[in-house]
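Step one of this worksheet: look at the structure below.
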There are 2 protein chains.
Amino acid sequence: MDGLGGLPRQSDRLTELEAAKTPNLDRLAAEGECGLHQPIGSGITPGSGPSHLALFGYDPIKYDVGRGVLSALGIGFDLKPDDIAARGNFCTVDDNGTVTDRRAGRIGTDKNKELCEELGKIELSGTELFIDTVSEHRFLFVLRGKGLGDRVNDTDPQETGRRPLKAEGEDDASRKTAALVEEFLKRAGDILNDHHPANMVLMRGFSKHPDWPTVPDVYGFKAAAIANYPMYRGVSKLVGMNVLEVEYGIDKEFEALEANWNDYDFFYLHVKKTDSHGEDGDFEAKVSVIEETDRHLSLIDKLKPDVILVTGDHSTPSEMKYHSWHPVPVLIWSKFVRPDGAKTFGERECLKGALGVRFPATDLMPLVMANSHRLEKYGA
Amino acid sequence: MDGLGGLPRQSDRLTELEAAKTPNLDRLAAEGECGLHQPIGSGITPGSGPSHLALFGYDPIKYDVGRGVLSALGIGFDLKPDDIAARGNFCTVDDNGTVTDRRAGRIGTDKNKELCEELGKIELSGTELFIDTVSEHRFLFVLRGKGLGDRVNDTDPQETGRRPLKAEGEDDASRKTAALVEEFLKRAGDILNDHHPANMVLMRGFSKHPDWPTVPDVYGFKAAAIANYPMYRGVSKLVGMNVLEVEYGIDKEFEALEANWNDYDFFYLHVKKTDSHGEDGDFEAKVSVIEETDRHLSLIDKLKPDVILVTGDHSTPSEMKYHSWHPVPVLIWSKFVRPDGAKTFGERECLKGALGVRFPATDLMPLVMANSHRLEKYGA
């Protein structure tokens with residue numbers, strides 16, 4: 001559950017997870033081992049990419065992937081090894097070029113498609129350009145050419161009231177990329193001039209496809225990802241999971257889990273709306289997504305998994321309306337866990353858990369592997 | 001509070017911190033997050049230099065500073081990049097040259113000044129020598145010359161009943177230093193011969209001024225140190241804090257805090273006597289310093305800080321009369337902490353805290369930064 005961790009609301013000092021009625025999660029917590037993990041490190045507020053990599057067992061400092069690559073993978077774009085990908089956002093600028101809305105009022109996906117078609121017609125010297133809709137204000141930007149580097153800064157100033165930043169490269173190959181990006185931005189500005197609020201674009205996360213060990217390589221199993229949103233589909237594909245086609249909705253995700261149950265060793269199932277409602281500051285809505293997810297967990301009795309791990313990729317307290325650094329509640333259930341002091345699933349109960357507090361999220365996959373008897377003894 | 005952590009006394013099995021009446025600390029602990037940190041590592045008894053560096057976020061194994069440099073900074077000596085500094089102790093030796101008191105009965109500072117003046121007259125070939133009083137039996141030794149190295153062992157044998165060790169260098173430049181040190185020690189012995197109990201000197205911590213990132217560089221804020229004792233003033237200056245002029249006394253320190261409140265983003269306030277009384281084995285006196293400090297914390301209601309962190313640099317249990325390896329109680333208070341199980345501030349209650357137990361002290365500054373919203377999100 002994305003952004004699962006929270007902070008207590010004023011009225012009764014309960015967090016979202018503590019306030020939610022979660023009989024299934026509470027049973028798993030009581031029978032299993034609980035704790036609180038840190039995705040990146042102490043005090044560090046994670047982005048979703050690195051925090052998911054950490055959950056999958058990849059040290060998120062060492063395995064650094066750009067948002068552009070994640071966006072490409074998320075929409076199934078066939079990224080070539082030399083391609084430069086970036087995540088684009090339609091945004092609103094005023095007459096002085098100052099950004100007034102970094103998301104162009106979250107324009108609809110249909111409008112996005114119309115604008116991407118226009119932008120895709122831009123011709124850049126000696127380079128192939130791909131502009132693809134992701135969703136709402138988000139699009140994918142890919143340059144395919146010779147000798148392009150990805151060490152280019154974001155043009156997104158990260159706050160309103162400032163002008164977009166100039167793209168600059170850190171080395172010759174990246175300066176070549178930056179020049180093409182600037183050329184693109186100039187043409188894009190001309191084309192979008194009449195399309196307020198989507199009258200400019202911001203670019204983030206210039207990157208190339210990394211060459212990393214995959215989940216099947218590392219863990220020796222066949223893994224499926226059940227996730228609706230591009231970012232999470234992207235990171236799953238990046239680490240070598242098979243990303244299942246699934247319709248939007250938690251119910252559809254659990255249907256996909258059941259339908260594919262016998263074809264995989266491992267499933268990653270992603271619930272997005274816990275984070276979205278946290279970011280909107282909607283405590284009650286976040287509670288209700290947790291409760292909805294909990295109801296679907298009755299499926300466990302039918303499927304009889306060997307190991308269940310429930311957690312979030314980071315905390316998104318409704319009180320803060322943003323990702324936060326707070327440790328994330330986690331439970332592991334299997335036949336081989338020890339009883340601990342956690343009797344329900346919540347931030348405070350997890351403090352009494354056998355997994356400990358503020359441990360690295362990268363510890364989790366080895367524990368999943370151990371609980372499914374997939375690791376051999378180390379040494380004689 | 002220096003050496004804050006303790007061990008239970010026999011009578012009622014309470015530690016110094018548990019026995020102390022601390023209504024302000026208890027409220028902060030109940031509202032905040034508690035835990036127990038390890039300054040250096042499991043089972044490692046810290047010196048004050050490395051443990052302070054750890055609290056300030058510097059890995060104390062990587063950022064290794066000599067006691068000589070700390071002593072120089074502590075008394076405001078203007079150390080040049082090529083200078084070699086060492087901490088000297090006046091000591092007592094018997095007729096065989098065996099050390100009988102490593103601190104020369106803690107001679108008075110006036111006597112120290114008189115002797116330092118004599119030692120400062122020693123002339124060493126091709127090298128400038130500085131000998132400055134620190135306090136009691138402690139003095140600063142600085143060599144200023146060309147091509148001197150600092151990889152020279154301590155001459156302090158660390159226990160009585162042994163002779164001082166010979167200074168030896170690990171490389172050519174350091175062998176040059178060692179030869180000068182041996183020359184100095186010979187002359188010093190002659191000069192001090194008639195000054196029993198201060199009839200010899202021991203040298204520790206040969207070192208050069210390190211070139212490290214500073215607190216303003218790393219954390220991006222303006223930091224002030226409020227500390228009376230040279231060692232702590234030195235380490236604060238070393239990491240780039242502005243060391244405030246302050247008279248001796250906890251009351252004077254809190255007055256300085258209030259007087260300078262609006263001029264800095266961050267304050268480090270050091271209470272020394274908790275450690276001193278611990279080293280003297282005076283349980284009651286250590287309790288009373290904790291209580292005195294607690295009373296001053298009512299100032300918080302007036303100053304309204306965003307984040308408060310209370311801890312020690314290490315444990316100094318009165319029962320042991322020495323620094324110890326025991327984890328150190330810590331509390332963090334801000335508007336963004338989660339409720340945990342610790343209801344008062346003490347070693348046992350901290351075991352129920354959300355920060356966890358035996359975590360690295362270097363985690364603390366990132367948590368302070370996060371709680372004051374001074375860190376950006378990591379990754380997209």
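The way I read the labels, and the way they are meant: chains A, B, ... in the order of the structure tokens, residue 1 as the first residue of every chain, and ligand 1 as the first ligand shown, with later ones counted on from there.
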
Wanna dump the chain B-chain A contacts at 8 Å for me, each residue with its shortest atom pair and the distance in Å to one decimal, counting only C-alpha atoms, ordered by chain and number, as a Markdown table?
| residue | atom | partner | partner_atom | distance |
| --- | --- | --- | --- | --- |
| B:Phe336 | CA | A:Leu7 | CA | 7.5 |
| B:Val337 | CA | A:Leu7 | CA | 7.7 |
| B:Arg338 | CA | A:Leu7 | CA | 6.1 |
| B:Pro339 | CA | A:Arg348 | CA | 7.2 |
| B:Asp340 | CA | A:Arg348 | CA | 6.2 |
| B:Gly341 | CA | A:Arg348 | CA | 7.8 |
| B:Lys352 | CA | A:Leu351 | CA | 7.6 |
| B:Gly353 | CA | A:Leu351 | CA | 7.7 |
| B:Ala354 | CA | A:Leu351 | CA | 6.5 |
| B:Leu355 | CA | A:Val357 | CA | 7.0 |
| B:Gly356 | CA | A:Val357 | CA | 5.6 |
| B:Asp363 | CA | A:Ser42 | CA | 5.6 |
| B:Leu364 | CA | A:Ser42 | CA | 7.8 |
| B:Pro366 | CA | A:Gly43 | CA | 4.9 |
| B:Leu367 | CA | A:Gly43 | CA | 4.3 |
| B:Val368 | CA | A:Gly43 | CA | 7.6 |
| B:Met369 | CA | A:Gly43 | CA | 7.1 |
| B:Ala370 | CA | A:Gly43 | CA | 5.0 |
| B:Asn371 | CA | A:Gly43 | CA | 7.8 |
| B:Leu375 | CA | A:Ile44 | CA | 7.2 |
| B:Glu376 | CA | A:Thr45 | CA | 7.0 |
| B:Lys377 | CA | A:Thr45 | CA | 4.8 |
| B:Tyr378 | CA | A:Pro46 | CA | 4.9 |
| B:Gly379 | CA | A:Gly47 | CA | 4.6 |
| B:Ala380 | CA | A:Gly47 | CA | 4.4 |

Subject >> strand (DSSP E or B) per DSSP on the backbone: members of segment 253-358 of chain B, as an MDAnalysis selection string >> reply: chainID B and resid 266:269 308:311 315 324 328:333 356:358

Original post:
Contacts of Arg175 of chain A at 9 Å or less, counting only C-alpha atoms, minus same-chain residues fewer than 4 places along, as a VMD selection string?
Top reply: chain A and resid 148 to 149 151 to 152 167 to 171 179 to 180

Next, write the just-selected residues to a file, as a PDB file, in the first residue's frame, keeping N, CA and C atoms as the atom set.
ATOM      1  N   LEU A 148      24.545  10.494 -27.351  1.00  0.00           N
ATOM      2  CA  LEU A 148      23.840  11.384 -26.426  1.00  0.00           C
ATOM      3  C   LEU A 148      24.073  10.942 -24.977  1.00  0.00           C
ATOM      4  N   GLY A 149      24.351  11.909 -24.105  1.00  0.00           N
ATOM      5  CA  GLY A 149      24.562  11.608 -22.679  1.00  0.00           C
ATOM      6  C   GLY A 149      23.337  11.971 -21.863  1.00  0.00           C
ATOM      7  N   ARG A 151      23.535  13.077 -18.530  1.00  0.00           N
ATOM      8  CA  ARG A 151      23.842  13.908 -17.357  1.00  0.00           C
ATOM      9  C   ARG A 151      23.374  15.345 -17.610  1.00  0.00           C
ATOM     10  N   VAL A 152      22.055  15.476 -17.641  1.00  0.00           N
ATOM     11  CA  VAL A 152      21.401  16.764 -17.908  1.00  0.00           C
ATOM     12  C   VAL A 152      20.476  17.071 -16.729  1.00  0.00           C
ATOM     13  N   ALA A 167      18.368  23.679 -19.571  1.00  0.00           N
ATOM     14  CA  ALA A 167      18.988  22.355 -19.602  1.00  0.00           C
ATOM     15  C   ALA A 167      20.475  22.504 -19.894  1.00  0.00           C
ATOM     16  N   GLU A 168      21.305  21.906 -19.063  1.00  0.00           N
ATOM     17  CA  GLU A 168      22.750  21.963 -19.283  1.00  0.00           C
ATOM     18  C   GLU A 168      23.359  20.570 -19.091  1.00  0.00           C
ATOM     19  N   GLY A 169      24.347  20.252 -19.907  1.00  0.00           N
ATOM     20  CA  GLY A 169      24.980  18.934 -19.822  1.00  0.00           C
ATOM     21  C   GLY A 169      26.275  18.991 -19.050  1.00  0.00           C
ATOM     22  N   GLU A 170      26.604  17.883 -18.377  1.00  0.00           N
ATOM     23  CA  GLU A 170      27.812  17.851 -17.554  1.00  0.00           C
ATOM     24  C   GLU A 170      29.035  17.374 -18.321  1.00  0.00           C
ATOM     25  N   ASP A 171      28.819  16.772 -19.511  1.00  0.00           N
ATOM     26  CA  ASP A 171      29.940  16.318 -20.326  1.00  0.00           C
ATOM     27  C   ASP A 171      29.566  16.577 -21.789  1.00  0.00           C
ATOM     28  N   ALA A 179      21.464  20.606 -25.671  1.00  0.00           N
ATOM     29  CA  ALA A 179      21.173  21.520 -26.784  1.00  0.00           C
ATOM     30  C   ALA A 179      19.900  21.091 -27.510  1.00  0.00           C
ATOM     31  N   LEU A 180      19.747  19.782 -27.703  1.00  0.00           N
ATOM     32  CA  LEU A 180      18.537  19.264 -28.354  1.00  0.00           C
ATOM     33  C   LEU A 180      17.302  19.529 -27.492  1.00  0.00           C
TER      34      LEU A 180
END

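Between atom CA of Thr109 of chain A and atom CA of Leu79 of chain A the interatomic distance comes to 22.2 Å.
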
Original post:
If you measure from atom CA of Arg295 of chain B to atom CA of Asn242 of chain B, what distance in Å do you get, rounded to one decimal?
Top reply: 25.7 Å

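Distance-wise, atom CA of Leu124 of chain A and atom CA of Thr92 of chain A end up 24.0 Å apart.
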
**OP:** Please provide as a ChimeraX atom specification all residues within 9 Å of segment 280-291 of chain A, with the sequence filter that same-chain residues fewer than 4 positions apart are discarded (counting only C-alpha atoms).
**Re:** /A:1,4,9,15-23,250,271,273-276,295-296,317-322

**OP:** Using only C-alpha atoms, find the one residue out of A:Ala259, A:Val218, A:Ile226, A:Leu309 that sits nearest to Tyr58 of chain A.
**Re:**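 Result for the nearest residue to Tyr58 of chain A: A:Val218.
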
**OP:** Taking the DSSP assignment computed from this structure's backbone, write out as a PyMOL selection string all residues of segment 41-239 of chain B that belong to alpha helix (DSSP H).
**Re:** chain B and resi 48-55+67-74+109-119+172-192+215-219+230-238

**OP:** Excluding segment 303-306 of chain B and any residue of its chain fewer than 3 positions from it, enumerate the residues within 12 Å of it, using only C-alpha atoms, and give them as a PyMOL selection string.
**Re:** chain B and resi 254-255+257-262+264-267+296-300+309+332-337+368-374

With C-alpha atoms retained, write the just-selected residues as an mmCIF file, in the first residue's frame.
data_model
loop_
_atom_site.group_PDB
_atom_site.id
_atom_site.type_symbol
_atom_site.label_atom_id
_atom_site.label_comp_id
_atom_site.auth_asym_id
_atom_site.auth_seq_id
_atom_site.Cartn_x
_atom_site.Cartn_y
_atom_site.Cartn_z
ATOM 1 C CA PHE B 254 20.814 28.866 28.876
ATOM 2 C CA GLU B 255 21.064 32.660 29.146
ATOM 3 C CA LEU B 257 20.825 30.384 24.301
ATOM 4 C CA GLU B 258 18.058 32.889 24.900
ATOM 5 C CA ALA B 259 20.211 35.911 24.091
ATOM 6 C CA ASN B 260 21.306 34.469 20.736
ATOM 7 C CA TRP B 261 18.043 32.731 19.856
ATOM 8 C CA ASN B 262 17.183 34.799 16.797
ATOM 9 C CA TYR B 264 21.023 31.057 14.512
ATOM 10 C CA ASP B 265 19.120 28.137 13.023
ATOM 11 C CA PHE B 266 20.658 25.514 15.291
ATOM 12 C CA PHE B 267 22.113 25.446 18.785
ATOM 13 C CA HIS B 296 16.210 25.309 32.536
ATOM 14 C CA LEU B 297 14.212 23.471 29.875
ATOM 15 C CA SER B 298 11.128 25.457 30.869
ATOM 16 C CA LEU B 299 12.729 28.065 28.603
ATOM 17 C CA ILE B 300 11.424 25.986 25.707
ATOM 18 C CA LEU B 309 16.998 16.723 20.689
ATOM 19 C CA ILE B 332 13.521 13.955 19.681
ATOM 20 C CA TRP B 333 10.584 16.297 19.971
ATOM 21 C CA SER B 334 8.810 18.099 17.117
ATOM 22 C CA LYS B 335 5.305 18.467 15.729
ATOM 23 C CA PHE B 336 5.964 15.581 13.344
ATOM 24 C CA VAL B 337 6.918 12.740 15.659
ATOM 25 C CA VAL B 368 16.671 16.590 13.224
ATOM 26 C CA MET B 369 16.902 17.905 9.679
ATOM 27 C CA ALA B 370 13.833 15.966 8.586
ATOM 28 C CA ASN B 371 11.787 17.130 11.564
ATOM 29 C CA SER B 372 12.638 20.740 10.715
ATOM 30 C CA HIS B 373 11.665 20.145 7.056
ATOM 31 C CA ARG B 374 15.124 20.883 5.798
#

Spatial neighbours of Ala227 of chain B, max dist 12 Å, only C-alpha atoms, sep filter under 3 positions, as a PDB file with N, CA and C atoms, in the first residue's frame:
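After the write, result_5.pdb holds the following:
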ATOM      1  N   MET B   1      23.807  16.509  27.447  1.00  0.00           N
ATOM      2  CA  MET B   1      24.392  16.270  28.759  1.00  0.00           C
ATOM      3  C   MET B   1      25.472  15.217  28.625  1.00  0.00           C
ATOM      4  N   ASP B   2      26.690  15.648  28.819  1.00  0.00           N
ATOM      5  CA  ASP B   2      27.860  14.798  28.629  1.00  0.00           C
ATOM      6  C   ASP B   2      27.780  13.566  29.527  1.00  0.00           C
ATOM      7  N   GLY B  74      40.154  24.231  21.046  1.00  0.00           N
ATOM      8  CA  GLY B  74      39.446  24.520  22.288  1.00  0.00           C
ATOM      9  C   GLY B  74      39.946  25.766  22.989  1.00  0.00           C
ATOM     10  N   ALA B 224      25.272  27.509  16.243  1.00  0.00           N
ATOM     11  CA  ALA B 224      26.039  28.053  17.359  1.00  0.00           C
ATOM     12  C   ALA B 224      26.281  26.959  18.388  1.00  0.00           C
ATOM     13  N   PRO B 230      37.077  23.454  26.809  1.00  0.00           N
ATOM     14  CA  PRO B 230      37.864  23.570  25.574  1.00  0.00           C
ATOM     15  C   PRO B 230      37.596  22.469  24.552  1.00  0.00           C
ATOM     16  N   MET B 231      37.547  21.234  25.018  1.00  0.00           N
ATOM     17  CA  MET B 231      37.360  20.100  24.112  1.00  0.00           C
ATOM     18  C   MET B 231      36.104  20.265  23.245  1.00  0.00           C
ATOM     19  N   TYR B 232      35.033  20.692  23.872  1.00  0.00           N
ATOM     20  CA  TYR B 232      33.740  20.757  23.183  1.00  0.00           C
ATOM     21  C   TYR B 232      33.653  22.005  22.334  1.00  0.00           C
ATOM     22  N   ARG B 233      34.295  23.070  22.809  1.00  0.00           N
ATOM     23  CA  ARG B 233      34.404  24.276  21.988  1.00  0.00           C
ATOM     24  C   ARG B 233      35.230  23.945  20.748  1.00  0.00           C
ATOM     25  N   GLY B 234      36.271  23.134  20.949  1.00  0.00           N
ATOM     26  CA  GLY B 234      37.150  22.776  19.849  1.00  0.00           C
ATOM     27  C   GLY B 234      36.449  21.957  18.780  1.00  0.00           C
ATOM     28  N   VAL B 235      35.727  20.942  19.199  1.00  0.00           N
ATOM     29  CA  VAL B 235      35.084  20.069  18.210  1.00  0.00           C
ATOM     30  C   VAL B 235      33.962  20.830  17.492  1.00  0.00           C
ATOM     31  N   SER B 236      33.317  21.757  18.198  1.00  0.00           N
ATOM     32  CA  SER B 236      32.260  22.560  17.565  1.00  0.00           C
ATOM     33  C   SER B 236      32.841  23.475  16.488  1.00  0.00           C
ATOM     34  N   LYS B 237      33.961  24.080  16.828  1.00  0.00           N
ATOM     35  CA  LYS B 237      34.617  24.971  15.866  1.00  0.00           C
ATOM     36  C   LYS B 237      35.110  24.177  14.661  1.00  0.00           C
ATOM     37  N   MET B 241      30.792  25.267  13.545  1.00  0.00           N
ATOM     38  CA  MET B 241      29.824  26.024  14.337  1.00  0.00           C
ATOM     39  C   MET B 241      30.479  27.302  14.843  1.00  0.00           C
ATOM     40  N   ASN B 242      29.645  28.295  15.095  1.00  0.00           N
ATOM     41  CA  ASN B 242      30.118  29.510  15.725  1.00  0.00           C
ATOM     42  C   ASN B 242      30.096  29.280  17.238  1.00  0.00           C
ATOM     43  N   VAL B 243      31.267  29.328  17.857  1.00  0.00           N
ATOM     44  CA  VAL B 243      31.351  29.035  19.292  1.00  0.00           C
ATOM     45  C   VAL B 243      31.122  30.320  20.077  1.00  0.00           C
ATOM     46  N   LEU B 244      30.019  30.372  20.809  1.00  0.00           N
ATOM     47  CA  LEU B 244      29.666  31.589  21.543  1.00  0.00           C
ATOM     48  C   LEU B 244      30.539  31.746  22.783  1.00  0.00           C
ATOM     49  N   GLU B 245      30.824  33.000  23.124  1.00  0.00           N
ATOM     50  CA  GLU B 245      31.502  33.273  24.383  1.00  0.00           C
ATOM     51  C   GLU B 245      30.477  33.135  25.499  1.00  0.00           C
ATOM     52  N   VAL B 246      30.781  32.319  26.482  1.00  0.00           N
ATOM     53  CA  VAL B 246      29.804  32.093  27.548  1.00  0.00           C
ATOM     54  C   VAL B 246      30.544  31.816  28.858  1.00  0.00           C
ATOM     55  N   GLU B 247      30.016  32.369  29.942  1.00  0.00           N
ATOM     56  CA  GLU B 247      30.620  32.122  31.254  1.00  0.00           C
ATOM     57  C   GLU B 247      30.295  30.711  31.726  1.00  0.00           C
ATOM     58  N   TYR B 248      31.051  30.217  32.705  1.00  0.00           N
ATOM     59  CA  TYR B 248      30.803  28.879  33.247  1.00  0.00           C
ATOM     60  C   TYR B 248      29.457  28.831  33.950  1.00  0.00           C
ATOM     61  N   GLY B 249      28.777  27.703  33.849  1.00  0.00           N
ATOM     62  CA  GLY B 249      27.516  27.520  34.560  1.00  0.00           C
ATOM     63  C   GLY B 249      26.383  27.198  33.611  1.00  0.00           C
ATOM     64  N   ILE B 250      25.562  26.236  34.002  1.00  0.00           N
ATOM     65  CA  ILE B 250      24.434  25.843  33.159  1.00  0.00           C
ATOM     66  C   ILE B 250      23.484  27.019  32.977  1.00  0.00           C
ATOM     67  N   ASP B 251      23.287  27.806  34.039  1.00  0.00           N
ATOM     68  CA  ASP B 251      22.394  28.967  33.932  1.00  0.00           C
ATOM     69  C   ASP B 251      22.919  29.947  32.884  1.00  0.00           C
ATOM     70  N   LYS B 252      24.246  30.156  32.878  1.00  0.00           N
ATOM     71  CA  LYS B 252      24.828  31.080  31.901  1.00  0.00           C
ATOM     72  C   LYS B 252      24.661  30.541  30.478  1.00  0.00           C
ATOM     73  N   GLU B 253      24.747  29.229  30.346  1.00  0.00           N
ATOM     74  CA  GLU B 253      24.593  28.628  29.021  1.00  0.00           C
ATOM     75  C   GLU B 253      23.178  28.849  28.482  1.00  0.00           C
ATOM     76  N   PHE B 254      22.190  28.654  29.337  1.00  0.00           N
ATOM     77  CA  PHE B 254      20.814  28.866  28.876  1.00  0.00           C
ATOM     78  C   PHE B 254      20.529  30.356  28.651  1.00  0.00           C
ATOM     79  N   ALA B 256      22.747  32.361  27.437  1.00  0.00           N
ATOM     80  CA  ALA B 256      23.352  32.584  26.113  1.00  0.00           C
ATOM     81  C   ALA B 256      22.422  32.063  25.011  1.00  0.00           C
ATOM     82  N   LEU B 257      21.772  30.940  25.272  1.00  0.00           N
ATOM     83  CA  LEU B 257      20.825  30.384  24.301  1.00  0.00           C
ATOM     84  C   LEU B 257      19.720  31.391  24.005  1.00  0.00           C
ATOM     85  N   PHE B 267      21.253  25.293  17.612  1.00  0.00           N
ATOM     86  CA  PHE B 267      22.113  25.446  18.785  1.00  0.00           C
ATOM     87  C   PHE B 267      22.521  24.080  19.327  1.00  0.00           C
ATOM     88  N   TYR B 268      23.784  23.958  19.629  1.00  0.00           N
ATOM     89  CA  TYR B 268      24.290  22.818  20.396  1.00  0.00           C
ATOM     90  C   TYR B 268      24.642  23.358  21.777  1.00  0.00           C
ATOM     91  N   LEU B 269      24.009  22.843  22.804  1.00  0.00           N
ATOM     92  CA  LEU B 269      24.276  23.294  24.170  1.00  0.00           C
ATOM     93  C   LEU B 269      24.824  22.121  24.970  1.00  0.00           C
ATOM     94  N   HIS B 270      26.003  22.320  25.522  1.00  0.00           N
ATOM     95  CA  HIS B 270      26.730  21.233  26.170  1.00  0.00           C
ATOM     96  C   HIS B 270      26.751  21.402  27.686  1.00  0.00           C
ATOM     97  N   VAL B 271      26.283  20.385  28.403  1.00  0.00           N
ATOM     98  CA  VAL B 271      26.361  20.362  29.872  1.00  0.00           C
ATOM     99  C   VAL B 271      27.439  19.353  30.260  1.00  0.00           C
ATOM    100  N   LYS B 272      28.487  19.847  30.896  1.00  0.00           N
ATOM    101  CA  LYS B 272      29.665  19.013  31.149  1.00  0.00           C
ATOM    102  C   LYS B 272      29.581  18.175  32.423  1.00  0.00           C
ATOM    103  N   LYS B 273      28.951  18.729  33.460  1.00  0.00           N
ATOM    104  CA  LYS B 273      29.139  18.168  34.803  1.00  0.00           C
ATOM    105  C   LYS B 273      28.480  16.800  35.014  1.00  0.00           C
TER     106      LYS B 273
END

Gly108 of chain B surroundings by only C-alpha atoms, 12 Å radius, close-in-sequence under 3 positions cut, as a PDB file with C-alpha atoms, in the first residue's frame:
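Below you can see selection-v3.pdb, which holds the result:
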ATOM      1  CA  PHE B  90      51.861  17.142  33.239  1.00  0.00           C
ATOM      2  CA  ARG B 103      47.738  13.932  35.889  1.00  0.00           C
ATOM      3  CA  ALA B 104      50.342  15.195  38.371  1.00  0.00           C
ATOM      4  CA  GLY B 105      47.689  15.408  41.114  1.00  0.00           C
ATOM      5  CA  LYS B 111      51.038  26.321  38.234  1.00  0.00           C
ATOM      6  CA  ASN B 112      50.381  24.977  34.754  1.00  0.00           C
ATOM      7  CA  LYS B 113      50.881  28.473  33.298  1.00  0.00           C
ATOM      8  CA  GLU B 114      54.153  28.910  35.124  1.00  0.00           C
ATOM      9  CA  LEU B 115      55.464  25.592  33.824  1.00  0.00           C
ATOM     10  CA  THR B 133      48.041  26.122  29.014  1.00  0.00           C
ATOM     11  CA  VAL B 134      44.690  24.370  28.613  1.00  0.00           C
ATOM     12  CA  SER B 135      43.631  23.811  32.246  1.00  0.00           C
ATOM     13  CA  GLU B 136      44.823  21.955  35.361  1.00  0.00           C
ATOM     14  CA  HIS B 137      47.357  19.367  34.139  1.00  0.00           C
ATOM     15  CA  ARG B 138      46.550  19.838  30.445  1.00  0.00           C
ATOM     16  CA  PHE B 139      48.528  21.819  27.899  1.00  0.00           C
ATOM     17  CA  PRO B 197      54.411  16.372  41.299  1.00  0.00           C
ATOM     18  CA  ALA B 198      54.524  17.925  37.804  1.00  0.00           C
TER      19      ALA B 198
END

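Restricting the calculation to only C-alpha atoms, the smallest distance between Glu159 of chain A and any of A:His209, A:Leu202, A:Ser315, A:Ala29 is found for A:Leu202.
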